[in-house]
Amino acid sequence: MSDPTYRDQQWELRYDPRIEDVNRLCDTLAESKPGSAVPYIDPVHDVDGCKIVSLFSSPGASLPSGFVSFENDDPSSIRMAGIYEAVGLRPDAVMPWNAYPWYLPEGKERALTMEQIADGVKPLLTFLQQVPRASALVAHGADAHKAARRLMKLENRAIAKRGFKIYEVRSPGERAFKGTPANQEQWLKDIQSAYTDAMGRAGIRARQSI
């Protein structure tokens with residue numbers, strides 16, 4: 001996403017049929033909170049192909065690219081790109097979302113409040129309705145864990161029919177990965193194991209590395 005040409009191409013594709021429903025939802029959410037904004041989901045993802053959802057906390061105060069994307073240049077996105085590559089998970093089979101999808105005010109990039117988590121549950125449910133083949137959600141970090149638990153308490157029939165499974169794993173952020181090299185390696189293995197299990201349940205064949 002640091003390449004202006006690539007970023008412009010993705011921007012032109014933000015309403016491509018494969019991702020339009022989700023990015024129209026982002027527009028609707030932004031309009032629901034006057035003065036707010038919601039980043040788009042990278043159009044490398046696909047509403048029809050998505051079988052696994054990666055749930056994170058929030059987009060923070062800004063994303064220079066304007067997209068939630070593992071092609072962003074921050075450490076968290078780079079780490080997630082490595083995880084997807086390690087397990088062979090194709091972009092069209094997974095899609096990211098945030099427990100609180102709106103940008104946070106500057107200087108407020110800490111743990112989400114319970115009000116913010118509650119605000120994000122209905123959009124999360126609406127998002128999941130846009131990806132009808134998704135049967136697993138990998139929740140990264142405490143905020144995402146709380147949001148996922150609230151989601152399941154709704155006992156939504158459409159979600160229940162999918163045999164939906166929640167995986168609670170570590171956040172890929174820098175603070176969450178402060179530790180010894182041995183600990184970091186174990187944390188990565190734990191996350192990779194969650195995705196590998198989710199892929200197996202969903203019948204996703206791992207992409208072979210080139």
# chains A, B, ... in the order shown; residues from 1 in each chain; ligands from 1

call {"tool": "select_by_dssp", "arguments": {"residues": "stretch 77-166 of chain A", "states": "alpha helix (DSSP H)", "output": "MDAnalysis selection string"}}
result
chainID A and resid 77:87 114:130 142:153 157:161

call {"tool": "residues_around", "arguments": {"residues": "A:Tyr84", "least_positions_apart": "6", "cutoff": "12 Å", "atoms": "only C-alpha atoms", "output": "PyMOL selection string"}}
result
chain A and resi 52+54+70-71+77-78+90-96+188-189+191-196+199+206-209

call {"tool": "closest_atom_pairs", "arguments": {"of": "stretch 47-144 of chain A", "to": "stretch 166-187 of chain A", "cutoff": "7 Å", "atoms": "only C-alpha atoms", "output": "tab-separated table"}}
result
residue	atom	partner	partner_atom	distance
A:Pro75	CA	A:Glu174	CA	6.7
A:Ser76	CA	A:Gly173	CA	4.7
A:Arg79	CA	A:Pro172	CA	6.3
A:Met80	CA	A:Pro172	CA	6.7
A:Ala136	CA	A:Ile166	CA	5.9
A:Leu137	CA	A:Ile166	CA	5.0
A:Val138	CA	A:Tyr167	CA	4.7
A:Ala139	CA	A:Glu168	CA	5.0
A:His140	CA	A:Ser171	CA	4.4
A:Gly141	CA	A:Ser171	CA	4.1

call {"tool": "write_last_selection", "arguments": {"atoms": "N, CA and C atoms", "output": "PDB file, in the first residue's frame"}}
result
ATOM      1  N   PRO A  75       3.618  -2.730  11.546  1.00  0.00           N
ATOM      2  CA  PRO A  75       4.082  -4.048  12.021  1.00  0.00           C
ATOM      3  C   PRO A  75       2.972  -5.085  12.157  1.00  0.00           C
ATOM      4  N   SER A  76       1.786  -4.648  12.598  1.00  0.00           N
ATOM      5  CA  SER A  76       0.681  -5.589  12.769  1.00  0.00           C
ATOM      6  C   SER A  76       0.269  -6.214  11.439  1.00  0.00           C
ATOM      7  N   ARG A  79       2.927  -8.580  10.175  1.00  0.00           N
ATOM      8  CA  ARG A  79       2.897  -9.853  10.914  1.00  0.00           C
ATOM      9  C   ARG A  79       1.743 -10.729  10.414  1.00  0.00           C
ATOM     10  N   MET A  80       0.588 -10.123  10.182  1.00  0.00           N
ATOM     11  CA  MET A  80      -0.552 -10.907   9.697  1.00  0.00           C
ATOM     12  C   MET A  80      -0.288 -11.461   8.304  1.00  0.00           C
ATOM     13  N   ALA A 136     -16.083 -19.309  10.560  1.00  0.00           N
ATOM     14  CA  ALA A 136     -15.122 -19.189  11.659  1.00  0.00           C
ATOM     15  C   ALA A 136     -14.683 -17.744  11.801  1.00  0.00           C
ATOM     16  N   LEU A 137     -14.434 -17.351  13.037  1.00  0.00           N
ATOM     17  CA  LEU A 137     -13.943 -16.006  13.321  1.00  0.00           C
ATOM     18  C   LEU A 137     -12.743 -16.134  14.239  1.00  0.00           C
ATOM     19  N   VAL A 138     -11.609 -15.601  13.803  1.00  0.00           N
ATOM     20  CA  VAL A 138     -10.395 -15.602  14.610  1.00  0.00           C
ATOM     21  C   VAL A 138     -10.267 -14.218  15.234  1.00  0.00           C
ATOM     22  N   ALA A 139     -10.496 -14.153  16.549  1.00  0.00           N
ATOM     23  CA  ALA A 139     -10.501 -12.875  17.263  1.00  0.00           C
ATOM     24  C   ALA A 139      -9.118 -12.596  17.836  1.00  0.00           C
ATOM     25  N   HIS A 140      -8.522 -11.487  17.413  1.00  0.00           N
ATOM     26  CA  HIS A 140      -7.156 -11.134  17.807  1.00  0.00           C
ATOM     27  C   HIS A 140      -7.165 -10.092  18.921  1.00  0.00           C
ATOM     28  N   GLY A 141      -6.778 -10.491  20.140  1.00  0.00           N
ATOM     29  CA  GLY A 141      -6.651  -9.545  21.235  1.00  0.00           C
ATOM     30  C   GLY A 141      -7.911  -9.424  22.073  1.00  0.00           C
TER      31      GLY A 141
END

call {"tool": "residues_around", "arguments": {"residues": "stretch 100-104 of chain A", "least_positions_apart": "4", "cutoff": "10 Å", "atoms": "only C-alpha atoms", "output": "ChimeraX atom specification"}}
result
/A:26,29-30,33,36-40,55-63,68,108-110,112-113,115-121,123-124,143-144,147

call {"tool": "closest_residue", "arguments": {"among": "A:Met152, A:Ala160, A:Ala81, A:Val47", "to": "A:Pro132", "atoms": "only C-alpha atoms"}}
result
A:Val47

call {"tool": "select_by_dssp", "arguments": {"residues": "stretch 24-91 of chain A", "states": "strand (DSSP E)", "output": "list in words"}}
result
Tyr40, Ile41, Ile52, Val53, Ser54, Leu55, Phe56, Phe67 and Val68 of chain A

call {"tool": "write_last_selection", "arguments": {"atoms": "C-alpha atoms", "output": "CSV table (one decimal), in the first residue's frame"}}
result
chain,number,residue,atom,x,y,z
A,40,TYR,CA,-12.6,0.3,3.5
A,41,ILE,CA,-11.7,-3.4,3.3
A,52,ILE,CA,-12.8,-17.1,7.8
A,53,VAL,CA,-13.1,-13.7,9.4
A,54,SER,CA,-10.0,-12.1,11.1
A,55,LEU,CA,-11.4,-9.8,13.8
A,56,PHE,CA,-9.1,-7.0,15.2
A,67,PHE,CA,-8.0,0.4,3.8
A,68,VAL,CA,-7.9,-2.4,6.4

call {"tool": "decode", "arguments": {"residues": "stretch 71-94 of chain A", "atoms": "N, CA and C atoms", "output": "PDB file, in the first residue's frame"}}
result
ATOM      1  N   GLU A  71      -1.692  -5.573   3.332  1.00  0.00           N
ATOM      2  CA  GLU A  71      -0.678  -4.932   2.485  1.00  0.00           C
ATOM      3  C   GLU A  71      -0.230  -3.590   3.064  1.00  0.00           C
ATOM      4  N   ASN A  72      -0.818  -3.169   4.204  1.00  0.00           N
ATOM      5  CA  ASN A  72      -0.343  -1.961   4.869  1.00  0.00           C
ATOM      6  C   ASN A  72       1.054  -2.193   5.430  1.00  0.00           C
ATOM      7  N   ASP A  73       1.733  -1.116   5.794  1.00  0.00           N
ATOM      8  CA  ASP A  73       3.143  -1.209   6.161  1.00  0.00           C
ATOM      9  C   ASP A  73       3.415  -1.164   7.659  1.00  0.00           C
ATOM     10  N   ASP A  74       2.370  -1.203   8.476  1.00  0.00           N
ATOM     11  CA  ASP A  74       2.576  -1.209   9.921  1.00  0.00           C
ATOM     12  C   ASP A  74       2.955  -2.618  10.384  1.00  0.00           C
ATOM     13  N   PRO A  75       3.618  -2.730  11.546  1.00  0.00           N
ATOM     14  CA  PRO A  75       4.082  -4.048  12.021  1.00  0.00           C
ATOM     15  C   PRO A  75       2.972  -5.085  12.157  1.00  0.00           C
ATOM     16  N   SER A  76       1.786  -4.648  12.598  1.00  0.00           N
ATOM     17  CA  SER A  76       0.681  -5.589  12.769  1.00  0.00           C
ATOM     18  C   SER A  76       0.269  -6.214  11.439  1.00  0.00           C
ATOM     19  N   SER A  77       0.136  -5.390  10.402  1.00  0.00           N
ATOM     20  CA  SER A  77      -0.255  -5.891   9.085  1.00  0.00           C
ATOM     21  C   SER A  77       0.819  -6.794   8.495  1.00  0.00           C
ATOM     22  N   ILE A  78       2.076  -6.402   8.685  1.00  0.00           N
ATOM     23  CA  ILE A  78       3.183  -7.217   8.180  1.00  0.00           C
ATOM     24  C   ILE A  78       3.188  -8.586   8.874  1.00  0.00           C
ATOM     25  N   ARG A  79       2.927  -8.580  10.175  1.00  0.00           N
ATOM     26  CA  ARG A  79       2.897  -9.853  10.914  1.00  0.00           C
ATOM     27  C   ARG A  79       1.743 -10.729  10.414  1.00  0.00           C
ATOM     28  N   MET A  80       0.588 -10.123  10.182  1.00  0.00           N
ATOM     29  CA  MET A  80      -0.552 -10.907   9.697  1.00  0.00           C
ATOM     30  C   MET A  80      -0.288 -11.461   8.304  1.00  0.00           C
ATOM     31  N   ALA A  81       0.353 -10.679   7.453  1.00  0.00           N
ATOM     32  CA  ALA A  81       0.691 -11.173   6.116  1.00  0.00           C
ATOM     33  C   ALA A  81       1.568 -12.413   6.226  1.00  0.00           C
ATOM     34  N   GLY A  82       2.507 -12.397   7.170  1.00  0.00           N
ATOM     35  CA  GLY A  82       3.376 -13.545   7.376  1.00  0.00           C
ATOM     36  C   GLY A  82       2.615 -14.760   7.880  1.00  0.00           C
ATOM     37  N   ILE A  83       1.626 -14.531   8.740  1.00  0.00           N
ATOM     38  CA  ILE A  83       0.817 -15.622   9.275  1.00  0.00           C
ATOM     39  C   ILE A  83      -0.020 -16.261   8.161  1.00  0.00           C
ATOM     40  N   TYR A  84      -0.676 -15.422   7.358  1.00  0.00           N
ATOM     41  CA  TYR A  84      -1.472 -15.954   6.246  1.00  0.00           C
ATOM     42  C   TYR A  84      -0.580 -16.754   5.286  1.00  0.00           C
ATOM     43  N   GLU A  85       0.610 -16.231   5.033  1.00  0.00           N
ATOM     44  CA  GLU A  85       1.535 -16.909   4.125  1.00  0.00           C
ATOM     45  C   GLU A  85       1.982 -18.243   4.708  1.00  0.00           C
ATOM     46  N   ALA A  86       2.248 -18.257   6.004  1.00  0.00           N
ATOM     47  CA  ALA A  86       2.746 -19.469   6.651  1.00  0.00           C
ATOM     48  C   ALA A  86       1.737 -20.613   6.595  1.00  0.00           C
ATOM     49  N   VAL A  87       0.436 -20.270   6.708  1.00  0.00           N
ATOM     50  CA  VAL A  87      -0.592 -21.323   6.691  1.00  0.00           C
ATOM     51  C   VAL A  87      -1.178 -21.544   5.297  1.00  0.00           C
ATOM     52  N   GLY A  88      -0.770 -20.710   4.335  1.00  0.00           N
ATOM     53  CA  GLY A  88      -1.257 -20.852   2.968  1.00  0.00           C
ATOM     54  C   GLY A  88      -2.679 -20.372   2.774  1.00  0.00           C
ATOM     55  N   LEU A  89      -3.093 -19.348   3.534  1.00  0.00           N
ATOM     56  CA  LEU A  89      -4.460 -18.826   3.455  1.00  0.00           C
ATOM     57  C   LEU A  89      -4.553 -17.736   2.394  1.00  0.00           C
ATOM     58  N   ARG A  90      -5.353 -17.983   1.368  1.00  0.00           N
ATOM     59  CA  ARG A  90      -5.513 -17.040   0.262  1.00  0.00           C
ATOM     60  C   ARG A  90      -6.347 -15.827   0.700  1.00  0.00           C
ATOM     61  N   PRO A  91      -6.085 -14.644   0.144  1.00  0.00           N
ATOM     62  CA  PRO A  91      -6.855 -13.454   0.508  1.00  0.00           C
ATOM     63  C   PRO A  91      -8.350 -13.586   0.237  1.00  0.00           C
ATOM     64  N   ASP A  92      -8.728 -14.329  -0.821  1.00  0.00           N
ATOM     65  CA  ASP A  92     -10.146 -14.437  -1.144  1.00  0.00           C
ATOM     66  C   ASP A  92     -10.910 -15.318  -0.153  1.00  0.00           C
ATOM     67  N   ALA A  93     -10.197 -16.084   0.680  1.00  0.00           N
ATOM     68  CA  ALA A  93     -10.847 -16.990   1.619  1.00  0.00           C
ATOM     69  C   ALA A  93     -10.950 -16.411   3.028  1.00  0.00           C
ATOM     70  N   VAL A  94     -10.390 -15.240   3.253  1.00  0.00           N
ATOM     71  CA  VAL A  94     -10.402 -14.609   4.573  1.00  0.00           C
ATOM     72  C   VAL A  94     -10.727 -13.127   4.393  1.00  0.00           C
TER      73      VAL A  94
END
